[in-house]
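Visitor: My questions all concern the structure below.
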Amino acid sequence: MVGRRGRALSGWRTTSDGIEIAVRVTPRSSRNELSPGPGHVVARLNSPPVDGAANAALIELAAKHFGVAKRDVRLIAGERARLKRLAIAGDAEALAKIAAALYQAEP
């Protein structure tokens, strides 16, 4: 994935208090799952995109996948869009390893 300034963007980046990940959401799927996508994580959610239900399901799924509490996952961009950005608080190195395993790449 390439940003506006022509720089390559990763699906995640470390921050001072954890990581941020880019997510593309597909609501009303047959099951909840996270999988790699082109420059982002693909989240398939069985919740509809109504009254924040899909966002709540995304936060719950990300918290479970990364092994953190739901309170440690925040939606920082894309509240009403398919492309979203999540901030996940915790040990940045451990979270980056989980993200790398999801992408099957080096952190």
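In the structure tokens, the first chain shown is A, the next is B, and so on; residue numbers restart at 1 for each chain, and ligands run from 1 in the order shown.
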Between segment 20-72 of chain A and segment 80-96 of chain A, at 7 Å or less, what are the per-residue closest atom pairs and their distances in Å? Count only C-alpha atoms, order by chain and rising residue number, and return it as CSV.

Guide:
```
residue,atom,partner,partner_atom,distance
A:Glu20,CA,A:Ala87,CA,4.4
A:Ile21,CA,A:Leu86,CA,5.3
A:Ala22,CA,A:Arg85,CA,4.6
A:Val23,CA,A:Lys84,CA,5.1
A:Arg24,CA,A:Leu83,CA,4.5
A:Val25,CA,A:Arg82,CA,5.0
A:Phe66,CA,A:Leu95,CA,6.6
A:Asp72,CA,A:Ala89,CA,5.0
```

Visitor: Find the spatial neighbours of segment 51-57 of chain A, counting only C-alpha atoms, within a cut-off of 12 Å - ignore same-chain residues fewer than 3 positions away - and output them as an MDAnalysis selection string.

Guide: chainID A and resid 23:29 31:34 43:48 60:64 70:71 73:86

Visitor: Those same residues - N, CA and C atoms - I'd like them written as an mmCIF file, in the first residue's frame.

Guide:
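Output below, filename result_6.cif:
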```cif
data_model
loop_
_atom_site.group_PDB
_atom_site.id
_atom_site.type_symbol
_atom_site.label_atom_id
_atom_site.label_comp_id
_atom_site.auth_asym_id
_atom_site.auth_seq_id
_atom_site.Cartn_x
_atom_site.Cartn_y
_atom_site.Cartn_z
ATOM 1 N N VAL A 23 -7.528 -1.535 8.935
ATOM 2 C CA VAL A 23 -8.496 -2.631 8.814
ATOM 3 C C VAL A 23 -9.533 -2.282 7.753
ATOM 4 N N ARG A 24 -9.846 -3.241 6.917
ATOM 5 C CA ARG A 24 -10.971 -3.107 5.980
ATOM 6 C C ARG A 24 -12.061 -4.047 6.460
ATOM 7 N N VAL A 25 -13.227 -3.501 6.737
ATOM 8 C CA VAL A 25 -14.326 -4.256 7.335
ATOM 9 C C VAL A 25 -15.332 -4.690 6.276
ATOM 10 N N THR A 26 -15.732 -5.945 6.362
ATOM 11 C CA THR A 26 -16.832 -6.474 5.561
ATOM 12 C C THR A 26 -17.914 -6.925 6.539
ATOM 13 N N PRO A 27 -18.958 -6.109 6.726
ATOM 14 C CA PRO A 27 -20.035 -6.495 7.652
ATOM 15 C C PRO A 27 -20.958 -7.537 7.032
ATOM 16 N N ARG A 28 -21.802 -8.103 7.872
ATOM 17 C CA ARG A 28 -22.788 -9.113 7.476
ATOM 18 C C ARG A 28 -22.141 -10.324 6.808
ATOM 19 N N SER A 29 -21.006 -10.722 7.306
ATOM 20 C CA SER A 29 -20.325 -11.917 6.808
ATOM 21 C C SER A 29 -20.886 -13.130 7.537
ATOM 22 N N ARG A 31 -19.129 -15.235 9.268
ATOM 23 C CA ARG A 31 -18.424 -15.460 10.537
ATOM 24 C C ARG A 31 -17.485 -14.292 10.813
ATOM 25 N N ASN A 32 -17.012 -14.220 12.061
ATOM 26 C CA ASN A 32 -16.058 -13.193 12.453
ATOM 27 C C ASN A 32 -14.646 -13.736 12.286
ATOM 28 N N GLU A 33 -13.809 -13.011 11.523
ATOM 29 C CA GLU A 33 -12.421 -13.440 11.358
ATOM 30 C C GLU A 33 -11.555 -12.281 10.888
ATOM 31 N N LEU A 34 -10.262 -12.377 11.207
ATOM 32 C CA LEU A 34 -9.257 -11.449 10.706
ATOM 33 C C LEU A 34 -8.345 -12.212 9.764
ATOM 34 N N ALA A 43 -11.221 -7.648 8.040
ATOM 35 C CA ALA A 43 -12.074 -8.119 9.129
ATOM 36 C C ALA A 43 -13.438 -8.459 8.558
ATOM 37 N N ARG A 44 -13.795 -9.714 8.644
ATOM 38 C CA ARG A 44 -15.141 -10.148 8.242
ATOM 39 C C ARG A 44 -15.962 -10.272 9.522
ATOM 40 N N LEU A 45 -17.065 -9.554 9.567
ATOM 41 C CA LEU A 45 -17.890 -9.489 10.775
ATOM 42 C C LEU A 45 -19.318 -9.884 10.439
ATOM 43 N N ASN A 46 -19.941 -10.656 11.325
ATOM 44 C CA ASN A 46 -21.325 -11.022 11.052
ATOM 45 C C ASN A 46 -22.315 -9.986 11.573
ATOM 46 N N SER A 47 -21.825 -8.906 12.152
ATOM 47 C CA SER A 47 -22.687 -7.820 12.619
ATOM 48 C C SER A 47 -23.016 -6.873 11.471
ATOM 49 N N PRO A 48 -24.218 -6.283 11.498
ATOM 50 C CA PRO A 48 -24.568 -5.307 10.456
ATOM 51 C C PRO A 48 -23.934 -3.949 10.781
ATOM 52 N N GLU A 60 -14.093 -6.022 19.598
ATOM 53 C CA GLU A 60 -14.074 -7.292 20.333
ATOM 54 C C GLU A 60 -13.190 -8.327 19.630
ATOM 55 N N LEU A 61 -13.303 -8.417 18.313
ATOM 56 C CA LEU A 61 -12.507 -9.381 17.550
ATOM 57 C C LEU A 61 -11.021 -9.045 17.614
ATOM 58 N N ALA A 62 -10.673 -7.771 17.472
ATOM 59 C CA ALA A 62 -9.268 -7.355 17.533
ATOM 60 C C ALA A 62 -8.692 -7.608 18.929
ATOM 61 N N ALA A 63 -9.459 -7.304 19.963
ATOM 62 C CA ALA A 63 -8.996 -7.539 21.331
ATOM 63 C C ALA A 63 -8.718 -9.025 21.558
ATOM 64 N N LYS A 64 -9.601 -9.869 21.086
ATOM 65 C CA LYS A 64 -9.418 -11.310 21.242
ATOM 66 C C LYS A 64 -8.195 -11.790 20.468
ATOM 67 N N LYS A 70 -10.808 -5.356 25.768
ATOM 68 C CA LYS A 70 -11.531 -4.509 24.816
ATOM 69 C C LYS A 70 -11.266 -3.032 25.061
ATOM 70 N N ARG A 71 -11.034 -2.664 26.315
ATOM 71 C CA ARG A 71 -10.768 -1.256 26.633
ATOM 72 C C ARG A 71 -9.429 -0.776 26.061
ATOM 73 N N VAL A 73 -8.444 -1.378 22.995
ATOM 74 C CA VAL A 73 -8.591 -1.219 21.542
ATOM 75 C C VAL A 73 -9.502 -0.014 21.287
ATOM 76 N N ARG A 74 -8.991 0.935 20.490
ATOM 77 C CA ARG A 74 -9.766 2.138 20.173
ATOM 78 C C ARG A 74 -9.861 2.307 18.663
ATOM 79 N N LEU A 75 -11.006 2.742 18.217
ATOM 80 C CA LEU A 75 -11.203 3.105 16.820
ATOM 81 C C LEU A 75 -10.757 4.560 16.682
ATOM 82 N N ILE A 76 -9.684 4.804 15.913
ATOM 83 C CA ILE A 76 -9.160 6.170 15.824
ATOM 84 C C ILE A 76 -9.492 6.845 14.496
ATOM 85 N N ALA A 77 -9.933 6.084 13.508
ATOM 86 C CA ALA A 77 -10.328 6.669 12.226
ATOM 87 C C ALA A 77 -11.280 5.727 11.505
ATOM 88 N N GLY A 78 -12.206 6.299 10.749
ATOM 89 C CA GLY A 78 -13.092 5.506 9.912
ATOM 90 C C GLY A 78 -14.330 4.982 10.593
ATOM 91 N N GLU A 79 -14.878 5.735 11.528
ATOM 92 C CA GLU A 79 -16.049 5.262 12.275
ATOM 93 C C GLU A 79 -17.205 4.839 11.370
ATOM 94 N N ARG A 80 -17.393 5.539 10.243
ATOM 95 C CA ARG A 80 -18.507 5.220 9.350
ATOM 96 C C ARG A 80 -18.026 4.750 7.982
ATOM 97 N N ALA A 81 -16.784 4.270 7.908
ATOM 98 C CA ALA A 81 -16.208 3.836 6.636
ATOM 99 C C ALA A 81 -15.792 2.367 6.718
ATOM 100 N N ARG A 82 -15.563 1.763 5.573
ATOM 101 C CA ARG A 82 -15.071 0.378 5.550
ATOM 102 C C ARG A 82 -13.612 0.296 5.964
ATOM 103 N N LEU A 83 -12.817 1.310 5.584
ATOM 104 C CA LEU A 83 -11.411 1.349 5.974
ATOM 105 C C LEU A 83 -11.301 2.068 7.307
ATOM 106 N N LYS A 84 -10.737 1.380 8.281
ATOM 107 C CA LYS A 84 -10.656 1.909 9.639
ATOM 108 C C LYS A 84 -9.225 1.817 10.146
ATOM 109 N N ARG A 85 -8.922 2.552 11.200
ATOM 110 C CA ARG A 85 -7.628 2.475 11.857
ATOM 111 C C ARG A 85 -7.897 2.234 13.330
ATOM 112 N N LEU A 86 -7.255 1.203 13.876
ATOM 113 C CA LEU A 86 -7.403 0.862 15.289
ATOM 114 C C LEU A 86 -6.102 1.114 16.016
#
```

Visitor: Which value, in Å to one decimal, gives the distance between atom CA of Tyr103 of chain A and atom CA of Asp17 of chain A?

Guide: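 Distance between the two atoms: 21.0 Å.
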
Visitor: Would you please give, as a ChimeraX atom specification, all residues of chain A that DSSP assigns to alpha helix (DSSP H) based on the backbone?

Guide: /A:53-66,92-103

Visitor: List every residue of chain A that DSSP, applied to the backbone of this structure, assigns to strand (DSSP E), and report them as an mmCIF file with C-alpha atoms, in the first residue's frame.

Guide:
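part-v3.cif, freshly written:
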```cif
data_model
loop_
_atom_site.group_PDB
_atom_site.id
_atom_site.type_symbol
_atom_site.label_atom_id
_atom_site.label_comp_id
_atom_site.auth_asym_id
_atom_site.auth_seq_id
_atom_site.Cartn_x
_atom_site.Cartn_y
_atom_site.Cartn_z
ATOM 1 C CA TRP A 12 0.503 -1.695 11.109
ATOM 2 C CA ARG A 13 2.966 0.544 12.888
ATOM 3 C CA THR A 14 4.270 0.673 16.411
ATOM 4 C CA THR A 15 3.477 3.620 18.653
ATOM 5 C CA GLY A 18 1.202 -0.153 21.393
ATOM 6 C CA ILE A 19 0.413 -0.429 17.691
ATOM 7 C CA GLU A 20 -1.963 0.977 15.091
ATOM 8 C CA ILE A 21 -3.436 -1.268 12.415
ATOM 9 C CA ALA A 22 -5.338 -0.546 9.203
ATOM 10 C CA VAL A 23 -8.496 -2.631 8.814
ATOM 11 C CA ARG A 24 -10.971 -3.107 5.980
ATOM 12 C CA VAL A 25 -14.326 -4.256 7.335
ATOM 13 C CA THR A 26 -16.832 -6.474 5.561
ATOM 14 C CA GLU A 33 -12.421 -13.440 11.358
ATOM 15 C CA LEU A 34 -9.257 -11.449 10.706
ATOM 16 C CA SER A 35 -7.061 -12.221 7.695
ATOM 17 C CA PRO A 36 -4.300 -10.452 5.740
ATOM 18 C CA VAL A 41 -6.117 -6.481 7.801
ATOM 19 C CA VAL A 42 -9.416 -7.769 6.426
ATOM 20 C CA ALA A 43 -12.074 -8.119 9.129
ATOM 21 C CA ARG A 44 -15.141 -10.148 8.242
ATOM 22 C CA VAL A 73 -8.591 -1.219 21.542
ATOM 23 C CA ARG A 74 -9.766 2.138 20.173
ATOM 24 C CA LEU A 75 -11.203 3.105 16.820
ATOM 25 C CA ILE A 76 -9.160 6.170 15.824
ATOM 26 C CA ALA A 77 -10.328 6.669 12.226
ATOM 27 C CA LEU A 83 -11.411 1.349 5.974
ATOM 28 C CA LYS A 84 -10.656 1.909 9.639
ATOM 29 C CA ARG A 85 -7.628 2.475 11.857
ATOM 30 C CA LEU A 86 -7.403 0.862 15.289
ATOM 31 C CA ALA A 87 -5.056 1.736 18.135
ATOM 32 C CA ILE A 88 -4.188 -1.243 20.314
ATOM 33 C CA ALA A 89 -2.537 -0.451 23.653
#
```
